[in-house]
>>> print(open('target_30.cif').read())   # mmCIF, N, CA and C atoms and all ligand atoms
data_coords
loop_
_atom_site.label_atom_id
_atom_site.label_comp_id
_atom_site.auth_asym_id
_atom_site.auth_seq_id
_atom_site.Cartn_x
_atom_site.Cartn_y
_atom_site.Cartn_z
N MET F 408 -206.69 -51.67 -108.87
CA MET F 408 -207.41 -50.44 -108.56
C MET F 408 -206.53 -49.56 -107.66
N SER F 409 -206.41 -48.32 -108.02
CA SER F 409 -205.53 -47.49 -107.20
C SER F 409 -206.24 -47.09 -105.90
N GLU F 410 -205.40 -46.86 -104.90
CA GLU F 410 -205.97 -46.57 -103.58
C GLU F 410 -206.60 -45.18 -103.56
N TYR F 411 -207.76 -45.13 -102.97
CA TYR F 411 -208.46 -43.86 -102.84
C TYR F 411 -208.20 -43.34 -101.42
N ILE F 412 -207.76 -42.11 -101.34
CA ILE F 412 -207.49 -41.56 -100.01
C ILE F 412 -208.72 -40.80 -99.51
N LEU F 413 -209.42 -41.48 -98.63
CA LEU F 413 -210.65 -40.91 -98.08
C LEU F 413 -210.33 -39.71 -97.19
N PHE F 414 -209.38 -39.94 -96.30
CA PHE F 414 -208.97 -38.90 -95.34
C PHE F 414 -207.50 -38.66 -95.59
N GLU F 415 -207.21 -37.50 -96.13
CA GLU F 415 -205.82 -37.16 -96.41
C GLU F 415 -205.25 -36.40 -95.22
N TRP F 416 -204.12 -36.89 -94.70
CA TRP F 416 -203.50 -36.24 -93.55
C TRP F 416 -202.99 -34.86 -93.95
N ASP F 417 -203.14 -33.93 -93.05
CA ASP F 417 -202.69 -32.58 -93.32
C ASP F 417 -202.06 -32.04 -92.04
N GLU F 418 -201.11 -31.16 -92.20
CA GLU F 418 -200.41 -30.53 -91.07
C GLU F 418 -201.35 -30.06 -89.96
N GLU F 419 -202.50 -29.54 -90.37
CA GLU F 419 -203.42 -28.95 -89.38
C GLU F 419 -203.89 -29.97 -88.34
N PHE F 420 -203.76 -31.27 -88.65
CA PHE F 420 -204.21 -32.29 -87.71
C PHE F 420 -203.13 -32.65 -86.67
N ASN F 421 -201.95 -32.11 -86.83
CA ASN F 421 -200.88 -32.41 -85.87
C ASN F 421 -201.11 -31.69 -84.54
N THR F 422 -201.02 -32.45 -83.46
CA THR F 422 -201.13 -31.83 -82.14
C THR F 422 -199.75 -31.43 -81.63
N GLY F 423 -198.71 -32.01 -82.23
CA GLY F 423 -197.35 -31.76 -81.76
C GLY F 423 -196.94 -32.73 -80.66
N ILE F 424 -197.87 -33.62 -80.28
CA ILE F 424 -197.55 -34.67 -79.30
C ILE F 424 -197.28 -35.93 -80.12
N PRO F 425 -196.01 -36.36 -80.18
CA PRO F 425 -195.65 -37.42 -81.12
C PRO F 425 -196.48 -38.70 -81.00
N GLU F 426 -196.67 -39.17 -79.78
CA GLU F 426 -197.42 -40.42 -79.60
C GLU F 426 -198.85 -40.29 -80.14
N ILE F 427 -199.45 -39.15 -79.88
CA ILE F 427 -200.84 -38.91 -80.33
C ILE F 427 -200.88 -38.76 -81.85
N ASP F 428 -199.96 -37.99 -82.39
CA ASP F 428 -199.97 -37.80 -83.85
C ASP F 428 -199.75 -39.13 -84.58
N ASN F 429 -198.86 -39.94 -84.06
CA ASN F 429 -198.62 -41.25 -84.69
C ASN F 429 -199.86 -42.12 -84.64
N GLN F 430 -200.53 -42.10 -83.50
CA GLN F 430 -201.75 -42.91 -83.37
C GLN F 430 -202.84 -42.37 -84.29
N HIS F 431 -202.97 -41.05 -84.37
CA HIS F 431 -203.99 -40.48 -85.26
C HIS F 431 -203.72 -40.89 -86.71
N LYS F 432 -202.46 -40.84 -87.10
CA LYS F 432 -202.11 -41.21 -88.48
C LYS F 432 -202.43 -42.68 -88.74
N ALA F 433 -202.15 -43.52 -87.75
CA ALA F 433 -202.44 -44.96 -87.89
C ALA F 433 -203.94 -45.18 -88.03
N LEU F 434 -204.70 -44.43 -87.24
CA LEU F 434 -206.17 -44.54 -87.27
C LEU F 434 -206.70 -44.12 -88.65
N VAL F 435 -206.17 -43.05 -89.16
CA VAL F 435 -206.56 -42.57 -90.48
C VAL F 435 -206.21 -43.63 -91.54
N GLY F 436 -205.05 -44.26 -91.37
CA GLY F 436 -204.63 -45.31 -92.30
C GLY F 436 -205.60 -46.49 -92.28
N LEU F 437 -206.03 -46.87 -91.09
CA LEU F 437 -206.98 -48.00 -90.97
C LEU F 437 -208.33 -47.65 -91.59
N LEU F 438 -208.75 -46.40 -91.40
CA LEU F 438 -210.02 -45.97 -91.99
C LEU F 438 -209.93 -45.98 -93.52
N ASN F 439 -208.82 -45.47 -94.04
CA ASN F 439 -208.63 -45.47 -95.49
C ASN F 439 -208.58 -46.90 -96.04
N SER F 440 -207.92 -47.80 -95.31
CA SER F 440 -207.83 -49.20 -95.77
C SER F 440 -209.21 -49.84 -95.83
N LEU F 441 -209.99 -49.63 -94.77
CA LEU F 441 -211.32 -50.22 -94.72
C LEU F 441 -212.15 -49.72 -95.92
N PHE F 442 -212.06 -48.44 -96.16
CA PHE F 442 -212.81 -47.85 -97.26
C PHE F 442 -212.42 -48.51 -98.60
N ASN F 443 -211.13 -48.71 -98.77
CA ASN F 443 -210.65 -49.30 -100.03
C ASN F 443 -211.02 -50.77 -100.18
N LEU F 444 -211.01 -51.51 -99.07
CA LEU F 444 -211.39 -52.93 -99.13
C LEU F 444 -212.84 -53.06 -99.58
N LEU F 445 -213.70 -52.21 -99.05
CA LEU F 445 -215.12 -52.26 -99.43
C LEU F 445 -215.31 -51.80 -100.88
N ARG F 446 -214.55 -50.78 -101.22
CA ARG F 446 -214.63 -50.23 -102.57
C ARG F 446 -214.22 -51.27 -103.61
N GLU F 447 -213.24 -52.09 -103.24
CA GLU F 447 -212.74 -53.10 -104.17
C GLU F 447 -213.52 -54.40 -104.08
N GLY F 448 -214.55 -54.41 -103.23
CA GLY F 448 -215.39 -55.61 -103.12
C GLY F 448 -214.65 -56.81 -102.54
N LYS F 449 -213.79 -56.57 -101.58
CA LYS F 449 -213.01 -57.65 -100.98
C LYS F 449 -213.90 -58.59 -100.14
N ALA F 450 -213.35 -59.75 -99.86
CA ALA F 450 -214.09 -60.80 -99.15
C ALA F 450 -214.42 -60.40 -97.72
N ARG F 451 -215.49 -61.01 -97.24
CA ARG F 451 -216.01 -60.72 -95.90
C ARG F 451 -214.95 -60.76 -94.81
N ASN F 452 -214.12 -61.82 -94.81
CA ASN F 452 -213.15 -61.93 -93.72
C ASN F 452 -212.15 -60.77 -93.71
N GLU F 453 -211.78 -60.32 -94.90
CA GLU F 453 -210.84 -59.19 -94.97
C GLU F 453 -211.49 -57.90 -94.47
N VAL F 454 -212.75 -57.72 -94.87
CA VAL F 454 -213.46 -56.50 -94.48
C VAL F 454 -213.73 -56.49 -92.97
N SER F 455 -214.19 -57.63 -92.46
CA SER F 455 -214.51 -57.60 -91.02
C SER F 455 -213.24 -57.54 -90.19
N GLU F 456 -212.16 -58.11 -90.69
CA GLU F 456 -210.87 -57.99 -90.01
C GLU F 456 -210.44 -56.51 -89.94
N ALA F 457 -210.64 -55.79 -91.03
CA ALA F 457 -210.27 -54.38 -91.07
C ALA F 457 -211.15 -53.55 -90.14
N LEU F 458 -212.42 -53.90 -90.08
CA LEU F 458 -213.32 -53.18 -89.18
C LEU F 458 -212.95 -53.46 -87.72
N ASN F 459 -212.59 -54.72 -87.45
CA ASN F 459 -212.15 -55.06 -86.09
C ASN F 459 -210.88 -54.30 -85.71
N GLN F 460 -209.98 -54.21 -86.67
CA GLN F 460 -208.72 -53.49 -86.40
C GLN F 460 -208.99 -52.02 -86.11
N LEU F 461 -209.88 -51.42 -86.89
CA LEU F 461 -210.23 -50.01 -86.68
C LEU F 461 -210.84 -49.81 -85.30
N THR F 462 -211.73 -50.72 -84.92
CA THR F 462 -212.36 -50.61 -83.60
C THR F 462 -211.33 -50.80 -82.49
N ALA F 463 -210.52 -51.84 -82.62
CA ALA F 463 -209.53 -52.14 -81.58
C ALA F 463 -208.53 -51.00 -81.44
N TYR F 464 -208.10 -50.47 -82.58
CA TYR F 464 -207.10 -49.41 -82.50
C TYR F 464 -207.69 -48.11 -81.96
N SER F 465 -208.96 -47.87 -82.28
CA SER F 465 -209.63 -46.68 -81.72
C SER F 465 -209.63 -46.78 -80.20
N GLU F 466 -209.92 -47.98 -79.71
CA GLU F 466 -209.96 -48.16 -78.26
C GLU F 466 -208.58 -47.95 -77.63
N VAL F 467 -207.55 -48.48 -78.28
CA VAL F 467 -206.18 -48.30 -77.78
C VAL F 467 -205.84 -46.81 -77.74
N HIS F 468 -206.16 -46.13 -78.83
CA HIS F 468 -205.85 -44.71 -78.92
C HIS F 468 -206.61 -43.89 -77.87
N PHE F 469 -207.89 -44.18 -77.72
CA PHE F 469 -208.70 -43.43 -76.75
C PHE F 469 -208.17 -43.66 -75.34
N LYS F 470 -207.77 -44.88 -75.05
CA LYS F 470 -207.22 -45.19 -73.72
C LYS F 470 -205.93 -44.41 -73.48
N THR F 471 -205.13 -44.25 -74.53
CA THR F 471 -203.88 -43.48 -74.39
C THR F 471 -204.21 -42.05 -74.00
N GLU F 472 -205.15 -41.44 -74.73
CA GLU F 472 -205.52 -40.06 -74.43
C GLU F 472 -206.10 -39.96 -73.02
N GLU F 473 -206.99 -40.88 -72.70
CA GLU F 473 -207.69 -40.81 -71.40
C GLU F 473 -206.70 -40.97 -70.24
N ALA F 474 -205.66 -41.79 -70.44
CA ALA F 474 -204.65 -41.94 -69.39
C ALA F 474 -203.91 -40.62 -69.18
N PHE F 475 -203.64 -39.90 -70.27
CA PHE F 475 -203.00 -38.59 -70.14
C PHE F 475 -203.92 -37.63 -69.38
N PHE F 476 -205.21 -37.66 -69.71
CA PHE F 476 -206.16 -36.74 -69.06
C PHE F 476 -206.14 -36.94 -67.55
N ILE F 477 -206.16 -38.20 -67.15
CA ILE F 477 -206.22 -38.51 -65.72
C ILE F 477 -204.90 -38.14 -65.06
N GLN F 478 -203.82 -38.51 -65.74
CA GLN F 478 -202.49 -38.21 -65.20
C GLN F 478 -202.28 -36.71 -64.98
N TYR F 479 -202.79 -35.88 -65.92
CA TYR F 479 -202.54 -34.44 -65.84
C TYR F 479 -203.78 -33.65 -65.44
N SER F 480 -204.76 -34.33 -64.83
CA SER F 480 -205.97 -33.68 -64.32
C SER F 480 -206.62 -32.73 -65.33
N TYR F 481 -206.83 -33.23 -66.51
CA TYR F 481 -207.46 -32.42 -67.56
C TYR F 481 -208.91 -32.14 -67.16
N PRO F 482 -209.30 -30.86 -67.10
CA PRO F 482 -210.65 -30.53 -66.60
C PRO F 482 -211.79 -31.06 -67.47
N GLU F 483 -211.55 -31.29 -68.75
CA GLU F 483 -212.65 -31.75 -69.62
C GLU F 483 -212.61 -33.25 -69.88
N THR F 484 -212.01 -33.97 -68.95
CA THR F 484 -211.87 -35.42 -69.10
C THR F 484 -213.20 -36.12 -69.39
N GLU F 485 -214.21 -35.80 -68.57
CA GLU F 485 -215.48 -36.53 -68.71
C GLU F 485 -216.15 -36.29 -70.05
N THR F 486 -216.18 -35.03 -70.48
CA THR F 486 -216.79 -34.68 -71.77
C THR F 486 -216.07 -35.40 -72.90
N HIS F 487 -214.74 -35.41 -72.80
CA HIS F 487 -213.95 -36.00 -73.87
C HIS F 487 -214.16 -37.52 -73.92
N ILE F 488 -214.20 -38.14 -72.76
CA ILE F 488 -214.42 -39.59 -72.72
C ILE F 488 -215.80 -39.94 -73.28
N ALA F 489 -216.78 -39.09 -73.01
CA ALA F 489 -218.13 -39.33 -73.55
C ALA F 489 -218.12 -39.31 -75.08
N CYS F 490 -217.32 -38.42 -75.67
CA CYS F 490 -217.18 -38.36 -77.14
C CYS F 490 -216.59 -39.67 -77.66
N HIS F 491 -215.56 -40.15 -76.96
CA HIS F 491 -214.93 -41.41 -77.38
C HIS F 491 -215.93 -42.56 -77.34
N ASN F 492 -216.68 -42.63 -76.25
CA ASN F 492 -217.63 -43.73 -76.09
C ASN F 492 -218.71 -43.68 -77.17
N ALA F 493 -219.13 -42.47 -77.52
CA ALA F 493 -220.15 -42.32 -78.56
C ALA F 493 -219.61 -42.83 -79.91
N PHE F 494 -218.35 -42.58 -80.15
CA PHE F 494 -217.73 -43.04 -81.40
C PHE F 494 -217.68 -44.57 -81.47
N ILE F 495 -217.27 -45.18 -80.36
CA ILE F 495 -217.21 -46.66 -80.31
C ILE F 495 -218.61 -47.24 -80.51
N ASP F 496 -219.60 -46.64 -79.89
CA ASP F 496 -220.99 -47.12 -80.07
C ASP F 496 -221.40 -47.04 -81.53
N LYS F 497 -221.00 -45.95 -82.17
CA LYS F 497 -221.37 -45.75 -83.57
C LYS F 497 -220.70 -46.83 -84.45
N ILE F 498 -219.43 -47.11 -84.21
CA ILE F 498 -218.75 -48.16 -84.98
C ILE F 498 -219.43 -49.50 -84.75
N ASP F 499 -219.82 -49.75 -83.51
CA ASP F 499 -220.51 -51.01 -83.20
C ASP F 499 -221.82 -51.11 -83.99
N SER F 500 -222.51 -49.98 -84.12
CA SER F 500 -223.79 -50.03 -84.84
C SER F 500 -223.53 -50.24 -86.34
N PHE F 501 -222.41 -49.73 -86.85
CA PHE F 501 -222.08 -49.98 -88.26
C PHE F 501 -221.77 -51.47 -88.46
N ARG F 502 -221.10 -52.07 -87.48
CA ARG F 502 -220.76 -53.49 -87.58
C ARG F 502 -222.06 -54.31 -87.62
N ASP F 503 -223.02 -53.88 -86.80
CA ASP F 503 -224.30 -54.59 -86.77
C ASP F 503 -225.03 -54.51 -88.12
N GLN F 504 -224.79 -53.41 -88.83
CA GLN F 504 -225.43 -53.27 -90.15
C GLN F 504 -224.87 -54.27 -91.16
N MET F 505 -223.63 -54.70 -90.90
CA MET F 505 -222.99 -55.64 -91.82
C MET F 505 -223.25 -57.07 -91.37
N THR F 506 -224.44 -57.49 -91.53
CA THR F 506 -224.77 -58.85 -91.08
C THR F 506 -225.15 -59.72 -92.27
N GLY F 507 -225.10 -60.99 -92.07
CA GLY F 507 -225.50 -61.93 -93.11
C GLY F 507 -224.73 -61.68 -94.40
N SER F 508 -225.46 -61.55 -95.48
CA SER F 508 -224.80 -61.36 -96.77
C SER F 508 -224.55 -59.89 -97.07
N ASN F 509 -225.06 -59.04 -96.20
CA ASN F 509 -224.91 -57.61 -96.45
C ASN F 509 -223.53 -57.11 -96.01
N LEU F 510 -222.65 -56.95 -96.98
CA LEU F 510 -221.28 -56.55 -96.68
C LEU F 510 -221.04 -55.07 -96.93
N THR F 511 -222.09 -54.36 -97.13
CA THR F 511 -221.88 -52.96 -97.51
C THR F 511 -221.97 -52.00 -96.33
N LEU F 512 -221.23 -50.96 -96.44
CA LEU F 512 -221.37 -49.83 -95.53
C LEU F 512 -221.57 -48.65 -96.46
N SER F 513 -222.56 -47.87 -96.20
CA SER F 513 -222.85 -46.79 -97.15
C SER F 513 -221.78 -45.71 -97.09
N ILE F 514 -221.75 -44.92 -98.11
CA ILE F 514 -220.81 -43.81 -98.20
C ILE F 514 -221.06 -42.84 -97.03
N ASP F 515 -222.30 -42.79 -96.57
CA ASP F 515 -222.63 -41.92 -95.44
C ASP F 515 -221.89 -42.33 -94.18
N VAL F 516 -221.71 -43.65 -94.02
CA VAL F 516 -220.97 -44.15 -92.86
C VAL F 516 -219.54 -43.61 -92.90
N PHE F 517 -218.94 -43.69 -94.08
CA PHE F 517 -217.56 -43.22 -94.19
C PHE F 517 -217.47 -41.71 -94.05
N LYS F 518 -218.47 -41.03 -94.58
CA LYS F 518 -218.50 -39.57 -94.40
C LYS F 518 -218.55 -39.25 -92.92
N TYR F 519 -219.37 -40.03 -92.21
CA TYR F 519 -219.52 -39.81 -90.77
C TYR F 519 -218.19 -40.05 -90.05
N LEU F 520 -217.57 -41.21 -90.32
CA LEU F 520 -216.33 -41.56 -89.62
C LEU F 520 -215.22 -40.54 -89.90
N LYS F 521 -215.11 -40.17 -91.16
CA LYS F 521 -214.07 -39.21 -91.54
C LYS F 521 -214.32 -37.86 -90.88
N LEU F 522 -215.54 -37.38 -90.99
CA LEU F 522 -215.87 -36.08 -90.41
C LEU F 522 -215.71 -36.08 -88.90
N TRP F 523 -216.16 -37.18 -88.28
CA TRP F 523 -216.06 -37.27 -86.83
C TRP F 523 -214.59 -37.15 -86.42
N LEU F 524 -213.74 -37.93 -87.08
CA LEU F 524 -212.32 -37.92 -86.73
C LEU F 524 -211.70 -36.53 -86.95
N GLN F 525 -212.02 -35.94 -88.09
CA GLN F 525 -211.44 -34.63 -88.39
C GLN F 525 -211.90 -33.58 -87.37
N GLU F 526 -213.19 -33.58 -87.12
CA GLU F 526 -213.71 -32.57 -86.18
C GLU F 526 -213.24 -32.83 -84.76
N HIS F 527 -213.11 -34.13 -84.43
CA HIS F 527 -212.66 -34.47 -83.08
C HIS F 527 -211.21 -34.03 -82.86
N ILE F 528 -210.38 -34.30 -83.83
CA ILE F 528 -208.97 -33.91 -83.70
C ILE F 528 -208.85 -32.38 -83.63
N LEU F 529 -209.53 -31.71 -84.55
CA LEU F 529 -209.41 -30.25 -84.61
C LEU F 529 -210.11 -29.56 -83.44
N GLY F 530 -211.11 -30.22 -82.87
CA GLY F 530 -211.87 -29.63 -81.77
C GLY F 530 -211.40 -30.11 -80.42
N GLU F 531 -211.91 -31.26 -80.01
CA GLU F 531 -211.63 -31.79 -78.66
C GLU F 531 -210.14 -32.04 -78.41
N ASP F 532 -209.45 -32.63 -79.40
CA ASP F 532 -208.05 -32.96 -79.18
C ASP F 532 -207.17 -31.71 -79.06
N MET F 533 -207.47 -30.70 -79.84
CA MET F 533 -206.67 -29.48 -79.76
C MET F 533 -206.91 -28.76 -78.42
N LYS F 534 -208.07 -29.01 -77.81
CA LYS F 534 -208.34 -28.40 -76.49
C LYS F 534 -207.38 -28.94 -75.44
N TYR F 535 -207.16 -30.29 -75.46
CA TYR F 535 -206.23 -30.81 -74.45
C TYR F 535 -204.80 -30.45 -74.83
N ARG F 536 -204.52 -30.36 -76.14
CA ARG F 536 -203.18 -29.93 -76.57
C ARG F 536 -202.90 -28.53 -75.98
N ASP F 537 -203.89 -27.63 -76.09
CA ASP F 537 -203.73 -26.27 -75.56
C ASP F 537 -203.59 -26.27 -74.04
N TYR F 538 -204.39 -27.11 -73.40
CA TYR F 538 -204.32 -27.19 -71.93
C TYR F 538 -202.93 -27.66 -71.49
N PHE F 539 -202.43 -28.70 -72.11
CA PHE F 539 -201.09 -29.20 -71.75
C PHE F 539 -200.05 -28.11 -71.96
N LYS F 540 -200.19 -27.39 -73.05
CA LYS F 540 -199.25 -26.31 -73.36
C LYS F 540 -199.29 -25.24 -72.28
N GLU F 541 -200.50 -24.80 -71.95
CA GLU F 541 -200.69 -23.75 -70.94
C GLU F 541 -200.10 -24.16 -69.59
N GLN F 542 -200.25 -25.44 -69.29
CA GLN F 542 -199.79 -25.94 -68.00
C GLN F 542 -198.29 -26.28 -68.03
N GLY F 543 -197.69 -26.14 -69.19
CA GLY F 543 -196.28 -26.49 -69.32
C GLY F 543 -196.02 -27.97 -69.22
N ILE F 544 -197.02 -28.75 -69.62
CA ILE F 544 -196.89 -30.21 -69.54
C ILE F 544 -196.34 -30.74 -70.86
N THR F 545 -195.24 -31.47 -70.76
CA THR F 545 -194.70 -32.11 -71.96
C THR F 545 -195.05 -33.58 -71.90
N VAL F 546 -195.85 -33.99 -72.87
CA VAL F 546 -196.30 -35.39 -72.87
C VAL F 546 -195.35 -36.21 -73.72
FE FE F 601 -209.92 -37.78 -78.41
#
>>> encode(input="target_30.cif", output="structure tokens", more="lines below")
Ligand SMILES: [Fe+2]
Amino acid sequence: MSEYILFEWDEEFNTGIPEIDNQHKALVGLLNSLFNLLREGKARNEVSEALNQLTAYSEVHFKTEEAFFIQYSYPETETHIACHNAFIDKIDSFRDQMTGSNLTLSIDVFKYLKLWLQEHILGEDMKYRDYFKEQGITV
């Protein structure tokens, strides 16, 4: 079965901060992989491993951003961290839906994850990109 690209990377998602862009691309890759594993009806251990990877990597990525916010006194740190926490909570609730023999995640879940990531990058993430730029901060 050929791979389906749920979230296709596009130039518009680049912040111009290499570490962040690389992490965003990796996150998108993990989301696409998870989608394909479910689509192909892969075994539980593979699917839950992929979901764990997505969660773990989201946390790593969010911590990277949050460390920059604190280091450079980003004024919207608290609001941005609240968005991250809400996302982690949402992934946790999706994991809870996959219990027992129920290995499915609805298409709505993927629509949510994809849209959240796209809107978050284009919205919240570009705000700190602009702030760093204005302040002459090179990350
Ligand atoms: Fe973020």
>>> closest_residue(input="target_30.cif", among="F:Gly423, F:Ala433, F:Phe539, F:Ser409", to="Tyr464 in chain F", atoms="all atoms listed in the file")
F:Ala433
>>> residues_near_ligand(input="target_30.cif", ligand="ligand FE 601 (chain F)", cutoff="12 Å", atoms="only C-alpha atoms and all ligand atoms", output="PyMOL selection string")
chain F and resi 422+427-428+430-431+434+465-476+483-495+523-536
>>> atom_distance(input="target_30.cif", atom1="atom N of Leu441 in chain F", atom2="CA of Asp496 in chain F")
18.5 Å
>>> residues_around(input="target_30.cif", residues="Glu453 in chain F", least_positions_apart="4", cutoff="12 Å", atoms="only C-alpha atoms", output="PDB file with N, CA and C atoms, in the coordinates of the input")
ATOM      1  N   SER F 440    -207.920 -47.800 -95.310  1.00  0.00           N
ATOM      2  CA  SER F 440    -207.830 -49.200 -95.770  1.00  0.00           C
ATOM      3  C   SER F 440    -209.210 -49.840 -95.830  1.00  0.00           C
ATOM      4  N   LEU F 441    -209.990 -49.630 -94.770  1.00  0.00           N
ATOM      5  CA  LEU F 441    -211.320 -50.220 -94.720  1.00  0.00           C
ATOM      6  C   LEU F 441    -212.150 -49.720 -95.920  1.00  0.00           C
ATOM      7  N   PHE F 442    -212.060 -48.440 -96.160  1.00  0.00           N
ATOM      8  CA  PHE F 442    -212.810 -47.850 -97.260  1.00  0.00           C
ATOM      9  C   PHE F 442    -212.420 -48.510 -98.600  1.00  0.00           C
ATOM     10  N   ASN F 443    -211.130 -48.710 -98.770  1.00  0.00           N
ATOM     11  CA  ASN F 443    -210.650 -49.300-100.030  1.00  0.00           C
ATOM     12  C   ASN F 443    -211.020 -50.770-100.180  1.00  0.00           C
ATOM     13  N   LEU F 444    -211.010 -51.510 -99.070  1.00  0.00           N
ATOM     14  CA  LEU F 444    -211.390 -52.930 -99.130  1.00  0.00           C
ATOM     15  C   LEU F 444    -212.840 -53.060 -99.580  1.00  0.00           C
ATOM     16  N   LEU F 445    -213.700 -52.210 -99.050  1.00  0.00           N
ATOM     17  CA  LEU F 445    -215.120 -52.260 -99.430  1.00  0.00           C
ATOM     18  C   LEU F 445    -215.310 -51.800-100.880  1.00  0.00           C
ATOM     19  N   GLU F 447    -213.240 -52.090-103.240  1.00  0.00           N
ATOM     20  CA  GLU F 447    -212.740 -53.100-104.170  1.00  0.00           C
ATOM     21  C   GLU F 447    -213.520 -54.400-104.080  1.00  0.00           C
ATOM     22  N   GLY F 448    -214.550 -54.410-103.230  1.00  0.00           N
ATOM     23  CA  GLY F 448    -215.390 -55.610-103.120  1.00  0.00           C
ATOM     24  C   GLY F 448    -214.650 -56.810-102.540  1.00  0.00           C
ATOM     25  N   LYS F 449    -213.790 -56.570-101.580  1.00  0.00           N
ATOM     26  CA  LYS F 449    -213.010 -57.650-100.980  1.00  0.00           C
ATOM     27  C   LYS F 449    -213.900 -58.590-100.140  1.00  0.00           C
ATOM     28  N   ALA F 457    -210.640 -55.790 -91.030  1.00  0.00           N
ATOM     29  CA  ALA F 457    -210.270 -54.380 -91.070  1.00  0.00           C
ATOM     30  C   ALA F 457    -211.150 -53.550 -90.140  1.00  0.00           C
ATOM     31  N   LEU F 458    -212.420 -53.900 -90.080  1.00  0.00           N
ATOM     32  CA  LEU F 458    -213.320 -53.180 -89.180  1.00  0.00           C
ATOM     33  C   LEU F 458    -212.950 -53.460 -87.720  1.00  0.00           C
ATOM     34  N   ASN F 459    -212.590 -54.720 -87.450  1.00  0.00           N
ATOM     35  CA  ASN F 459    -212.150 -55.060 -86.090  1.00  0.00           C
ATOM     36  C   ASN F 459    -210.880 -54.300 -85.710  1.00  0.00           C
ATOM     37  N   GLN F 460    -209.980 -54.210 -86.670  1.00  0.00           N
ATOM     38  CA  GLN F 460    -208.720 -53.490 -86.400  1.00  0.00           C
ATOM     39  C   GLN F 460    -208.990 -52.020 -86.110  1.00  0.00           C
ATOM     40  N   LEU F 510    -222.650 -56.950 -96.980  1.00  0.00           N
ATOM     41  CA  LEU F 510    -221.280 -56.550 -96.680  1.00  0.00           C
ATOM     42  C   LEU F 510    -221.040 -55.070 -96.930  1.00  0.00           C
TER      43      LEU F 510
END
>>> atom_distance(input="target_30.cif", atom1="atom N of Leu438 in chain F", atom2="CA of Leu512 in chain F")
13.7 Å
>>> atom_distance(input="target_30.cif", atom1="CA of Glu415 in chain F", atom2="CA of Ser455 in chain F")
22.9 Å
>>> closest_residue(input="target_30.cif", among="F:Tyr519, F:Lys432, F:Thr545, F:Thr511", to="Arg451 in chain F", atoms="only C-alpha atoms")
F:Thr511
>>> axis_aligned_box(input="target_30.cif", around="range 475-492 of chain F", padding_each_side="4 Å", output="AutoDock Vina command-line options")
--center_x -210.5 --center_y -37.1 --center_z -71.0 --size_x 24.4 --size_y 21.2 --size_z 21.3
>>> select_by_dssp(input="target_30.cif", residues="chain F", states="alpha helix (DSSP H)", output="PyMOL selection string")
chain F and resi 425-446+451-478+484-504+514-527+533-541
